[in-house]
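Take a look at the structure below.
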Amino acid sequence: MLKSIEHNGVQLALVIKSNYSKEGIEFFTGDDISLQMGYMTHKTGNIVKAHVHNNIERTITGTPEVLIIKKGKMRLDLYTQEREYVESTILEQGDIVLLSHGGHGLKCLDNAEMIEVKQGPYLGEKDKVRYKGISDNEVIIND
């Protein structure tokens, strides 16, 4: 399953559930974000020709992230850029999410392990604004 979570025409997140499958090559992202993500299937014997990517200077605005859930279960809370809560969705082992716009928070529902991919270098506290999540009584994990 592929789930796009949008608010006022802006994609906040794209969730690729662990059971997603499709033949061929499909890129999910457009030119409006600096991190591209696609899904590919290759049959036995297919060849991806060896290549190197050219050094091209790009202007990066924002910090889109990809989270890969290796183990466990988490609730992902999504917000607009103005910190308005939009919705929550559950992420489980094998799920992948692209966080393209707006804000987000996570709550661990079961011991979790994940991999995070984003533009670097990470600038520490200069890189983000922290705020309270959907419930002041919950521990919100800010990534």
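Chains: A, B, ... in order of the structure tokens. Residues: from 1 per chain. Ligands: from 1, in order shown.
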
- Nearby residues (only C-alpha atoms) at most 7 Å from His101 (chain A), same-chain spacing under 5 positions excluded, as a list in words: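 Listing them by chain and then by number gives Gln11, Leu12 and Pro64 of chain A.
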
May I have the residues from that selection written out with N, CA, C and O atoms, as a JSON list (two decimals), in the first residue's frame?
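Saved as out.json:
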[["chain", "number", "residue", "atom", "x", "y", "z"],
["A", 11, "GLN", "N", 2.02, 17.80, -0.01],
["A", 11, "GLN", "CA", 2.30, 16.48, 0.53],
["A", 11, "GLN", "C", 3.20, 16.61, 1.76],
["A", 11, "GLN", "O", 4.30, 17.11, 1.66],
["A", 12, "LEU", "N", 2.69, 16.15, 2.90],
["A", 12, "LEU", "CA", 3.47, 16.15, 4.13],
["A", 12, "LEU", "C", 4.31, 14.89, 4.24],
["A", 12, "LEU", "O", 5.44, 14.93, 4.73],
["A", 64, "PRO", "N", 13.98, 17.34, 3.84],
["A", 64, "PRO", "CA", 13.14, 16.14, 3.76],
["A", 64, "PRO", "C", 13.89, 14.96, 4.37],
["A", 64, "PRO", "O", 15.12, 14.91, 4.33]]

- Message: as a PyMOL selection string, please: every residue in region 29-141 of chain A that DSSP puts in strand (DSSP E).
- Response: chain A and resi 38-40+65-79+85-92+96-99+103-118

- Message: Applying 8 Å and only C-alpha atoms, which residues near Glu65 (chain A) remain after dropping the ones on its own chain fewer than 5 positions away? List them as a ChimeraX atom specification.
- Response: /A:35,98-100,116-119

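The space separating CA of Lys43 (chain A) from CA of Glu26 (chain A) comes to 15.2 Å.
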
- Task: Pick out the residues sitting within 8 Å of Leu91 (chain A), and hand them over as an MDAnalysis selection string; count only C-alpha atoms, and ignore anything fewer than 5 positions along from it in its own chain.
- Result: chainID A and resid 17 69 73:76 96

Written selection (N, CA, C and O atoms) as a compact mmCIF listing (two decimals), in the first residue's frame:
# COMPACT_ATOMS: atom_id res chain seq x y z
N LYS A 17 4.05 1.15 2.78
CA LYS A 17 3.88 0.03 3.70
C LYS A 17 4.74 -1.15 3.23
O LYS A 17 5.07 -1.28 2.05
N ILE A 69 11.62 1.77 9.00
CA ILE A 69 11.35 1.10 10.26
C ILE A 69 11.87 -0.34 10.16
O ILE A 69 11.32 -1.17 9.45
N LYS A 73 7.08 -0.62 16.31
CA LYS A 73 5.87 0.07 15.88
C LYS A 73 5.90 1.49 16.43
O LYS A 73 6.22 1.69 17.60
N MET A 74 5.56 2.45 15.58
CA MET A 74 5.59 3.85 15.98
C MET A 74 4.36 4.56 15.44
O MET A 74 3.81 4.17 14.41
N ARG A 75 3.95 5.61 16.15
CA ARG A 75 2.90 6.49 15.65
C ARG A 75 3.57 7.74 15.12
O ARG A 75 4.35 8.38 15.82
N LEU A 76 3.30 8.08 13.88
CA LEU A 76 3.82 9.27 13.26
C LEU A 76 2.74 10.34 13.29
O LEU A 76 1.64 10.13 12.78
N ILE A 96 8.34 2.36 5.18
CA ILE A 96 9.24 3.47 4.85
C ILE A 96 8.38 4.71 4.70
O ILE A 96 7.29 4.65 4.13

- Name the residues in contact with region 4-9 of chain A at a cut-off of 9 Å, using only C-alpha atoms, excluding same-chain residues fewer than 6 positions from it; report them as a list of chain:residue names.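 In the requested format, the answer is A:Val15, A:Ile16, A:Leu78, A:Tyr79, A:Thr80, A:Val86, A:Glu87.
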
- Residues of chain A in helix (DSSP H, G or I) according to DSSP, as a list of chain:residue names?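 After running DSSP on the backbone, chain A has helix (DSSP H, G or I) at A:Gly124, A:Glu125, A:Lys126, A:Asp127.
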
- Hey, which of A:Lys3, A:Gln93, A:Gly38, A:Gly102 ends up closest to Gly62 (chain A)? Count only C-alpha atoms.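 With only C-alpha atoms as the atom set, the closest residue is A:Gly102.
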
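When only C-alpha atoms are used to compute distances to Asp31 (chain A), the closest of the residues A:Glu92, A:Val129, A:Thr61, A:His53 turns out to be A:Thr61.
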
- Item | Computed interatomic separation between CA of Asn19 (chain A) and CA of His42 (chain A) (Å) | 16.9 Å

- Task: Rank A:Arg83, A:His104, A:Lys22, A:Arg58 by their smallest atom-to-atom distance to Tyr39 (chain A), using only C-alpha atoms, and report the top residue only.
- Result: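 Of the candidates, the smallest distance to Tyr39 (chain A) is held by A:Lys22.
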
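Computed from the coordinates, the CA of Val52 (chain A) to CA of Ser34 (chain A) distance equals 19.0 Å.
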
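Shortest atom-to-atom contact with Tyr20 (chain A) among A:Leu123, A:Met40, A:Leu109, A:Met114: A:Met40, counting only C-alpha atoms.
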